[in-house]
Each structure stands twice: as structure tokens, then as C-alpha cells.
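Participant: Input structure: work_23.pdb, which contains PDB, C-alpha atoms.
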```pdb
ATOM      1  CA  MET A   1      31.579   4.531  -3.975
ATOM      2  CA  LYS A   2      33.572   7.746  -4.354
ATOM      3  CA  ALA A   3      34.804   9.155  -1.052
ATOM      4  CA  PRO A   4      33.901  12.773  -0.224
ATOM      5  CA  SER A   5      36.621  15.367  -0.575
ATOM      6  CA  PRO A   6      37.983  17.053   2.588
ATOM      7  CA  HIS A   7      35.790  20.036   1.795
ATOM      8  CA  GLN A   8      32.570  18.007   1.518
ATOM      9  CA  PRO A   9      30.480  16.713   4.430
ATOM     10  CA  ALA A  10      30.298  12.918   4.683
ATOM     11  CA  PHE A  11      26.501  13.135   4.537
ATOM     12  CA  ARG A  12      24.523  15.731   2.637
ATOM     13  CA  ARG A  13      22.600  18.373   4.498
ATOM     14  CA  THR A  14      18.953  18.080   3.588
ATOM     15  CA  HIS A  15      15.645  19.175   5.024
ATOM     16  CA  PRO A  16      14.638  17.025   8.036
ATOM     17  CA  ASP A  17      11.395  15.922   6.382
ATOM     18  CA  ALA A  18      13.325  14.879   3.270
ATOM     19  CA  ARG A  19      15.795  12.902   5.385
ATOM     20  CA  ARG A  20      12.996  11.163   7.237
ATOM     21  CA  LEU A  21      11.283  10.243   3.950
ATOM     22  CA  ALA A  22      14.577   8.982   2.527
ATOM     23  CA  LEU A  23      14.963   6.674   5.522
ATOM     24  CA  ILE A  24      11.414   5.395   5.097
ATOM     25  CA  GLU A  25      12.014   4.724   1.398
ATOM     26  CA  ALA A  26      15.267   2.937   2.248
ATOM     27  CA  CYS A  27      13.412   0.830   4.820
ATOM     28  CA  ALA A  28      10.822  -0.162   2.189
ATOM     29  CA  ARG A  29      13.585  -1.269  -0.185
ATOM     30  CA  VAL A  30      15.323  -3.307   2.517
ATOM     31  CA  LEU A  31      12.032  -4.942   3.530
ATOM     32  CA  ALA A  32      11.309  -5.845  -0.094
ATOM     33  CA  ARG A  33      14.779  -7.272  -0.630
ATOM     34  CA  ALA A  34      15.600  -8.893   2.717
ATOM     35  CA  GLY A  35      12.267  -9.250   4.506
ATOM     36  CA  ALA A  36      11.496  -8.246   8.070
ATOM     37  CA  ALA A  37      14.349 -10.357   9.440
ATOM     38  CA  GLY A  38      16.868  -8.409   7.383
ATOM     39  CA  ALA A  39      15.582  -4.956   8.311
ATOM     40  CA  SER A  40      18.011  -3.551  10.854
ATOM     41  CA  VAL A  41      19.068  -0.001  11.639
ATOM     42  CA  ARG A  42      22.463  -0.711  10.140
ATOM     43  CA  ALA A  43      21.084  -2.248   6.924
ATOM     44  CA  ILE A  44      18.705   0.663   6.408
ATOM     45  CA  ALA A  45      21.436   3.205   7.147
ATOM     46  CA  VAL A  46      23.664   1.579   4.518
ATOM     47  CA  GLU A  47      20.778   1.552   2.035
ATOM     48  CA  ALA A  48      20.096   5.238   2.645
ATOM     49  CA  GLY A  49      23.789   6.176   2.632
ATOM     50  CA  VAL A  50      23.726   7.682   6.118
ATOM     51  CA  SER A  51      25.107   6.852   9.539
ATOM     52  CA  PRO A  52      23.168   4.558  11.910
ATOM     53  CA  GLY A  53      23.112   7.477  14.337
ATOM     54  CA  LEU A  54      21.031   9.510  11.907
ATOM     55  CA  VAL A  55      18.441   6.740  11.771
ATOM     56  CA  SER A  56      18.265   6.784  15.568
ATOM     57  CA  HIS A  57      17.901  10.561  15.484
ATOM     58  CA  TYR A  58      14.635  10.324  13.529
ATOM     59  CA  PHE A  59      13.228   7.042  14.864
ATOM     60  CA  SER A  60      13.312   5.529  18.348
ATOM     61  CA  GLY A  61      14.151   2.119  16.923
ATOM     62  CA  ILE A  62      13.596  -0.288  14.070
ATOM     63  CA  GLU A  63       9.975  -0.911  15.066
ATOM     64  CA  ALA A  64       9.163   2.785  14.849
ATOM     65  CA  LEU A  65      10.810   3.015  11.432
ATOM     66  CA  VAL A  66       8.958  -0.048  10.125
ATOM     67  CA  ALA A  67       5.658   1.362  11.446
ATOM     68  CA  ALA A  68       6.332   4.679   9.708
ATOM     69  CA  THR A  69       7.166   2.805   6.508
ATOM     70  CA  TYR A  70       3.930   0.831   6.726
ATOM     71  CA  GLU A  71       2.007   4.091   7.106
ATOM     72  CA  GLN A  72       3.830   5.684   4.173
ATOM     73  CA  VAL A  73       3.312   2.722   1.823
ATOM     74  CA  GLU A  74      -0.348   2.305   2.764
ATOM     75  CA  GLY A  75      -0.933   6.026   2.367
ATOM     76  CA  ALA A  76       0.607   6.015  -1.101
ATOM     77  CA  VAL A  77      -1.605   3.108  -2.196
ATOM     78  CA  ALA A  78      -4.733   4.744  -0.728
ATOM     79  CA  ALA A  79      -3.882   8.016  -2.477
ATOM     80  CA  THR A  80      -3.551   6.180  -5.800
ATOM     81  CA  LEU A  81      -6.985   4.584  -5.366
ATOM     82  CA  ASP A  82      -8.595   7.858  -4.286
ATOM     83  CA  ARG A  83      -7.053   9.664  -7.245
ATOM     84  CA  ALA A  84      -8.490   7.049  -9.613
ATOM     85  CA  VAL A  85     -11.941   7.595  -8.088
ATOM     86  CA  ASP A  86     -11.675  11.376  -8.422
ATOM     87  CA  GLU A  87     -10.611  11.078 -12.052
ATOM     88  CA  ALA A  88     -13.600   8.825 -12.801
ATOM     89  CA  GLY A  89     -16.011  11.752 -12.447
ATOM     90  CA  HIS A  90     -19.395  11.784 -10.748
ATOM     91  CA  ASP A  91     -21.054   8.587 -12.004
ATOM     92  CA  PRO A  92     -21.315   6.225  -9.001
ATOM     93  CA  ARG A  93     -20.605   3.045 -10.971
ATOM     94  CA  ALA A  94     -17.611   4.582 -12.731
ATOM     95  CA  ARG A  95     -16.216   5.641  -9.363
ATOM     96  CA  LEU A  96     -16.707   2.159  -7.899
ATOM     97  CA  ASP A  97     -15.090   0.515 -10.920
ATOM     98  CA  ALA A  98     -12.146   2.903 -10.690
ATOM     99  CA  PHE A  99     -11.560   2.164  -7.004
ATOM    100  CA  VAL A 100     -11.656  -1.587  -7.581
ATOM    101  CA  THR A 101      -9.611  -1.795 -10.779
ATOM    102  CA  ALA A 102      -6.913   0.720  -9.805
ATOM    103  CA  SER A 103      -5.252  -2.069  -7.815
ATOM    104  CA  PHE A 104      -4.383  -3.763 -11.100
ATOM    105  CA  ALA A 105      -2.442  -0.797 -12.489
ATOM    106  CA  PRO A 106       1.361  -1.224 -12.717
ATOM    107  CA  ALA A 107       1.994   1.208  -9.858
ATOM    108  CA  ILE A 108       0.221  -1.131  -7.421
ATOM    109  CA  ALA A 109       0.428  -4.543  -9.106
ATOM    110  CA  ASP A 110       4.179  -4.395  -8.638
ATOM    111  CA  PRO A 111       6.362  -7.316  -7.441
ATOM    112  CA  GLN A 112       8.544  -5.069  -5.280
ATOM    113  CA  LEU A 113       5.492  -3.577  -3.591
ATOM    114  CA  LEU A 114       4.211  -7.119  -2.985
ATOM    115  CA  ALA A 115       7.549  -8.050  -1.393
ATOM    116  CA  THR A 116       7.245  -5.048   0.932
ATOM    117  CA  TRP A 117       3.692  -6.027   1.885
ATOM    118  CA  ILE A 118       4.787  -9.603   2.580
ATOM    119  CA  ALA A 119       7.354  -8.261   5.031
ATOM    120  CA  PHE A 120       4.646  -6.208   6.732
ATOM    121  CA  TRP A 121       2.249  -9.147   6.864
ATOM    122  CA  SER A 122       4.922 -11.316   8.482
ATOM    123  CA  LEU A 123       4.972  -8.843  11.381
ATOM    124  CA  VAL A 124       1.210  -8.657  11.931
ATOM    125  CA  THR A 125       1.061 -11.679  14.237
ATOM    126  CA  ALA A 126       4.272 -10.754  16.083
ATOM    127  CA  ARG A 127       4.019  -7.018  16.640
ATOM    128  CA  PRO A 128       0.825  -5.525  18.083
ATOM    129  CA  ALA A 129       1.564  -2.060  16.683
ATOM    130  CA  ILE A 130       1.788  -3.417  13.143
ATOM    131  CA  ALA A 131      -1.354  -5.513  13.721
ATOM    132  CA  ALA A 132      -3.207  -2.372  14.820
ATOM    133  CA  GLN A 133      -2.019  -0.513  11.721
ATOM    134  CA  HIS A 134      -3.163  -3.396   9.528
ATOM    135  CA  ASP A 135      -6.619  -3.420  11.117
ATOM    136  CA  GLU A 136      -6.918   0.350  10.725
ATOM    137  CA  GLN A 137      -5.816   0.225   7.098
ATOM    138  CA  TYR A 138      -8.230  -2.587   6.273
ATOM    139  CA  SER A 139     -11.129  -0.870   8.034
ATOM    140  CA  GLY A 140     -10.477   2.398   6.233
ATOM    141  CA  SER A 141     -10.304   0.763   2.826
ATOM    142  CA  ARG A 142     -13.453  -1.262   3.498
ATOM    143  CA  ALA A 143     -15.319   1.860   4.651
ATOM    144  CA  ARG A 144     -14.450   3.657   1.398
ATOM    145  CA  LEU A 145     -15.621   0.644  -0.578
ATOM    146  CA  GLU A 146     -18.850   0.361   1.416
ATOM    147  CA  ALA A 147     -19.667   3.998   0.637
ATOM    148  CA  LEU A 148     -19.038   3.472  -3.075
ATOM    149  CA  LEU A 149     -21.203   0.341  -3.078
ATOM    150  CA  GLY A 150     -23.947   2.244  -1.273
ATOM    151  CA  ASP A 151     -23.851   4.967  -3.920
ATOM    152  CA  CYS A 152     -24.479   2.231  -6.486
ATOM    153  CA  GLY A 153     -27.590   1.004  -4.692
ATOM    154  CA  VAL A 154     -26.291  -1.809  -2.487
ATOM    155  CA  ALA A 155     -28.526  -1.980   0.582
ATOM    156  CA  PRO A 156     -27.013  -0.735   3.868
ATOM    157  CA  ASN A 157     -27.354  -4.137   5.526
ATOM    158  CA  GLU A 158     -25.418  -5.748   2.646
ATOM    159  CA  GLN A 159     -22.622  -3.225   2.219
ATOM    160  CA  ARG A 160     -20.213  -4.659   4.796
ATOM    161  CA  ARG A 161     -20.295  -8.219   3.470
ATOM    162  CA  ALA A 162     -20.223  -7.008  -0.122
ATOM    163  CA  ALA A 163     -17.138  -4.911   0.623
ATOM    164  CA  ILE A 164     -15.416  -7.874   2.287
ATOM    165  CA  ALA A 165     -16.175 -10.058  -0.738
ATOM    166  CA  VAL A 166     -14.945  -7.465  -3.238
ATOM    167  CA  THR A 167     -11.785  -6.884  -1.213
ATOM    168  CA  ALA A 168     -11.046 -10.606  -1.112
ATOM    169  CA  LEU A 169     -11.522 -10.894  -4.874
ATOM    170  CA  VAL A 170      -9.364  -7.864  -5.626
ATOM    171  CA  ASP A 171      -6.628  -8.991  -3.240
ATOM    172  CA  GLY A 172      -6.528 -12.420  -4.864
ATOM    173  CA  LEU A 173      -6.345 -11.040  -8.390
ATOM    174  CA  TRP A 174      -3.734  -8.483  -7.328
ATOM    175  CA  LEU A 175      -1.614 -11.180  -5.707
ATOM    176  CA  GLU A 176      -1.650 -13.370  -8.816
ATOM    177  CA  LEU A 177      -0.872 -10.398 -11.071
ATOM    178  CA  CYS A 178       2.207  -9.654  -8.951
ATOM    179  CA  LEU A 179       3.339 -13.274  -8.713
ATOM    180  CA  SER A 180       2.487 -14.493 -12.227
ATOM    181  CA  PRO A 181       1.829 -11.530 -14.531
ATOM    182  CA  GLY A 182       1.942 -13.803 -17.571
ATOM    183  CA  CYS A 183      -1.111 -15.816 -16.486
ATOM    184  CA  PHE A 184      -3.616 -13.037 -17.138
ATOM    185  CA  SER A 185      -3.594  -9.306 -17.805
ATOM    186  CA  ALA A 186      -4.632  -6.308 -15.753
ATOM    187  CA  GLU A 187      -7.456  -5.809 -18.242
ATOM    188  CA  GLU A 188      -8.722  -9.343 -17.608
ATOM    189  CA  ALA A 189      -8.490  -8.817 -13.867
ATOM    190  CA  GLY A 190     -10.528  -5.635 -14.224
ATOM    191  CA  ASP A 191     -13.146  -7.421 -16.311
ATOM    192  CA  ILE A 192     -13.478 -10.202 -13.717
ATOM    193  CA  ALA A 193     -13.889  -7.654 -10.934
ATOM    194  CA  ARG A 194     -16.475  -5.624 -12.842
ATOM    195  CA  ARG A 195     -18.513  -8.744 -13.606
ATOM    196  CA  PHE A 196     -18.561  -9.565  -9.908
ATOM    197  CA  LEU A 197     -19.676  -6.027  -9.127
ATOM    198  CA  ASP A 198     -22.504  -6.510 -11.634
ATOM    199  CA  THR A 199     -23.842  -9.435  -9.602
ATOM    200  CA  LEU A 200     -23.723  -7.452  -6.342
ATOM    201  CA  ILE A 201     -25.398  -4.375  -7.735
ATOM    202  CA  SER A 202     -28.067  -6.155  -9.761
ATOM    203  CA  LYS A 203     -29.294  -7.986  -6.647
ATOM    204  CA  ASP A 204     -29.863  -4.721  -4.810
ATOM    205  CA  ARG A 205     -31.623  -2.735  -7.511
TER     206      ARG A 205
END
```
Mind converting the file's structure to C-alpha cells?

Facilitator:
Amino acid sequence: MKAPSPHQPAFRRTHPDARRLALIEACARVLARAGAAGASVRAIAVEAGVSPGLVSHYFSGIEALVAATYEQVEGAVAATLDRAVDEAGHDPRARLDAFVTASFAPAIADPQLLATWIAFWSLVTARPAIAAQHDEQYSGSRARLEALLGDCGVAPNEQRRAAIAVTALVDGLWLELCLSPGCFSAEEAGDIARRFLDTLISKDR
């Protein structure tokens, strides 16, 4: 790495929000590469190209940084799914299909993203704050799915279980796409998911 000249600051001056985001992105990369055990303030500072003191300036500790990273990653995934629904138009079934199959797109069915999620999941049983974030994320995603299923005619008393079943199917297909992308394609995963949706919706109409 080239050393800064005497007339250059060791670390670039950037907007505080941009610095905070850069640290979060660095944390996600470290989690994906080294897992939760390898995510330390020092490792993330090196990844981001800043001093450990700057990390401590923005976050009270490694747990706070990991929690912020979890929120950022989950928010990005949720935004991708919501954008797919919006782009599907007004037809209820098209919107449901878009929400379900967007998880198979390259931006989400990504091995590095899976590695980051695995690091998060490893912390769920050990850190109550991460467990609470996981529960909140899962509940929010399921609520969106329940509403989309309801728009397609699934009875109110069946929406919760239907959403749980769809989520389990999508998560399984997504996991296999990330781990073994040569076994089946995103298109096949989408077709499997849509066929399952057909069985749920046909029972309630």
C-alpha cells in the first residue's frame, strides 16, 4: 500500500454518514470472510483502511457494529424484495410471485451474502440483541408475505401458516442456490416456488 505524502492526511476526510457506512460494509466483508469469531475492531479497521479509534468513535464496540451491519444487510435485502414487488405492477399474483422469486436473483442468491448471514446466524443463540433483530426481521418479512397472500385470496386464518411454509421453501431453495448453483437454476427455483403458491391459492379460492 502506498504511504501518504507529508501533505496528505493518513485517513481521508469524508462525511460522517459515509464513514459509518464504510465501516458497516467492511464489517460485512470481514464477517463473510472470517466469520463472527474473526470480526474484531482491529480486523474491521484494517479492512476499512482506518484507525481502530475511528471505529470506536462511531460504534460503542464490536457488538454495536455487528448489530448495525445486520440491520444494513437485512434492510438492503428487504428493499430489493419490495422493489421487485413494486415493479410487478398491481396484479396481486404477480406481486406475490415477485416477492417470492426475487430471492433467487443474483443480488440475493450470492455466496458472499450467504457467508455474512451464516455469521449472523451463529450469533443468534449467543447474543440477545442479535436474536431480537432476527426475530424482528423474520416477523416483518412474514407480515409482508401474509399481506400478499391475503391479496391473492388466502383466508385470514391460513395466512400465517402459509407464509411460514413459503418462507421455509424459499429459504431452502435460496440456500441450495448459494451453496450449489450448478444443481439447479434460479429459473427452476422460481418455477418450484410458483407451483407451491398455486397449491396454496387454489385451496382458498

Participant: Could you jot down the CA of Ala147 in chain A to CA of Arg83 in chain A separation for me, Å, one decimal place?

Facilitator: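 One can read the CA of Ala147 in chain A to CA of Arg83 in chain A distance as 15.9 Å.
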
Participant: Determine the residue set returned by the PyMOL selection byres ((chain A and resi 119) around 7) for the present structure, and present it as a PyMOL selection string.

Facilitator: chain A and resi 31-32+35-36+115-118+120-123

Participant: Of the residues A:Ala102, A:Val55, A:Ala68, A:Ala37, which is the one nearest to Ala84 in chain A, using all atoms listed in the file?

Facilitator: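 That would be A:Ala102, the residue with the smallest distance to Ala84 in chain A.
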
Participant: For the provided coordinates, the residues matched by the PyMOL selection byres ((chain A and resi 173-188) around 8) should be stated as a list in words.

Facilitator: Ser103, Phe104, Ala105, Ala109, Asp110, Pro111, Leu114, Leu169, Val170, Asp171, Gly172, Ala189, Gly190, Asp191 and Ile192 of chain A

Participant: Calculate, to one decimal in Å, the centre and edge lengths of the box along x, y and z of the file that holds all listed atoms of range 148-151 of chain A with 4 Å of margin on each side, and present them as AutoDock Vina command-line options.

Facilitator:
```
--center_x -21.5 --center_y 2.7 --center_z -2.6 --size_x 12.9 --size_y 12.6 --size_z 10.6
```

Participant: Have a look at A:Glu74, A:Gly49, A:Val66, A:Phe59 and name the one nearest to Ala28 in chain A; count all atoms listed in the file.

Facilitator: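 Of A:Glu74, A:Gly49, A:Val66, A:Phe59, the one nearest Ala28 in chain A is A:Val66, counting all atoms listed in the file.
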
Participant: Which residue gives the smallest distance to Val46 in chain A among A:Ala22, A:Leu200, A:Ala132, A:Thr69, with all atoms listed in the file counted?

Facilitator: A:Ala22

Participant: If you count all atoms listed in the file, which residues fall within 9 Å of Pro92 in chain A, apart from same-chain ones fewer than 5 positions away, as number ranges by chain?

Facilitator: A: 97, 148-149, 151-152

Participant: Could you tell me how far CA of Thr80 in chain A lies from CA of Ala143 in chain A, in Å and to one decimal?

Facilitator: 16.3 Å

Participant: Pick out the closest residue to Leu197 in chain A from this set: A:Ala34, A:Ala88, A:Val77, A:Ala94. Count only C-alpha atoms.

Facilitator: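 Closest to Leu197 in chain A of all the choices is A:Ala94.
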
Participant: Can you work out the spacing between CA of Arg194 in chain A and CA of Ala98 in chain A in Å, to one decimal?

Facilitator: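 Separating CA of Arg194 in chain A from CA of Ala98 in chain A is a distance of 9.8 Å.
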
Participant: Tell me which of A:Arg160, A:Glu71, A:Leu96, A:Glu63 sits closest to Ala126 in chain A, counting only C-alpha atoms.

Facilitator: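 Of all the options, A:Glu63 lies closest to Ala126 in chain A.
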
Participant: Which protein, DNA or RNA residues are at most 12 Å from (15.8, 10.6, 4.3) in the file's coordinates when you count all atoms listed in the file, listed as a CSV table (one decimal) with C-alpha atoms, in the frame of the given file?

Facilitator:
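Generated output (out.csv):
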```
chain,number,residue,atom,x,y,z
A,11,PHE,CA,26.5,13.1,4.5
A,12,ARG,CA,24.5,15.7,2.6
A,13,ARG,CA,22.6,18.4,4.5
A,14,THR,CA,19.0,18.1,3.6
A,15,HIS,CA,15.6,19.2,5.0
A,16,PRO,CA,14.6,17.0,8.0
A,17,ASP,CA,11.4,15.9,6.4
A,18,ALA,CA,13.3,14.9,3.3
A,19,ARG,CA,15.8,12.9,5.4
A,20,ARG,CA,13.0,11.2,7.2
A,21,LEU,CA,11.3,10.2,4.0
A,22,ALA,CA,14.6,9.0,2.5
A,23,LEU,CA,15.0,6.7,5.5
A,24,ILE,CA,11.4,5.4,5.1
A,25,GLU,CA,12.0,4.7,1.4
A,26,ALA,CA,15.3,2.9,2.2
A,27,CYS,CA,13.4,0.8,4.8
A,44,ILE,CA,18.7,0.7,6.4
A,45,ALA,CA,21.4,3.2,7.1
A,46,VAL,CA,23.7,1.6,4.5
A,47,GLU,CA,20.8,1.6,2.0
A,48,ALA,CA,20.1,5.2,2.6
A,49,GLY,CA,23.8,6.2,2.6
A,50,VAL,CA,23.7,7.7,6.1
A,51,SER,CA,25.1,6.9,9.5
A,54,LEU,CA,21.0,9.5,11.9
A,55,VAL,CA,18.4,6.7,11.8
A,57,HIS,CA,17.9,10.6,15.5
A,58,TYR,CA,14.6,10.3,13.5
A,59,PHE,CA,13.2,7.0,14.9
A,65,LEU,CA,10.8,3.0,11.4
A,69,THR,CA,7.2,2.8,6.5
```

Participant: Rank nothing, just name the residue among A:Ala168, A:Ala155, A:Ala129, A:Ala43 nearest to Ala193 in chain A, using only C-alpha atoms.

Facilitator: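 Distance minimum relative to Ala193 in chain A lands on A:Ala168.
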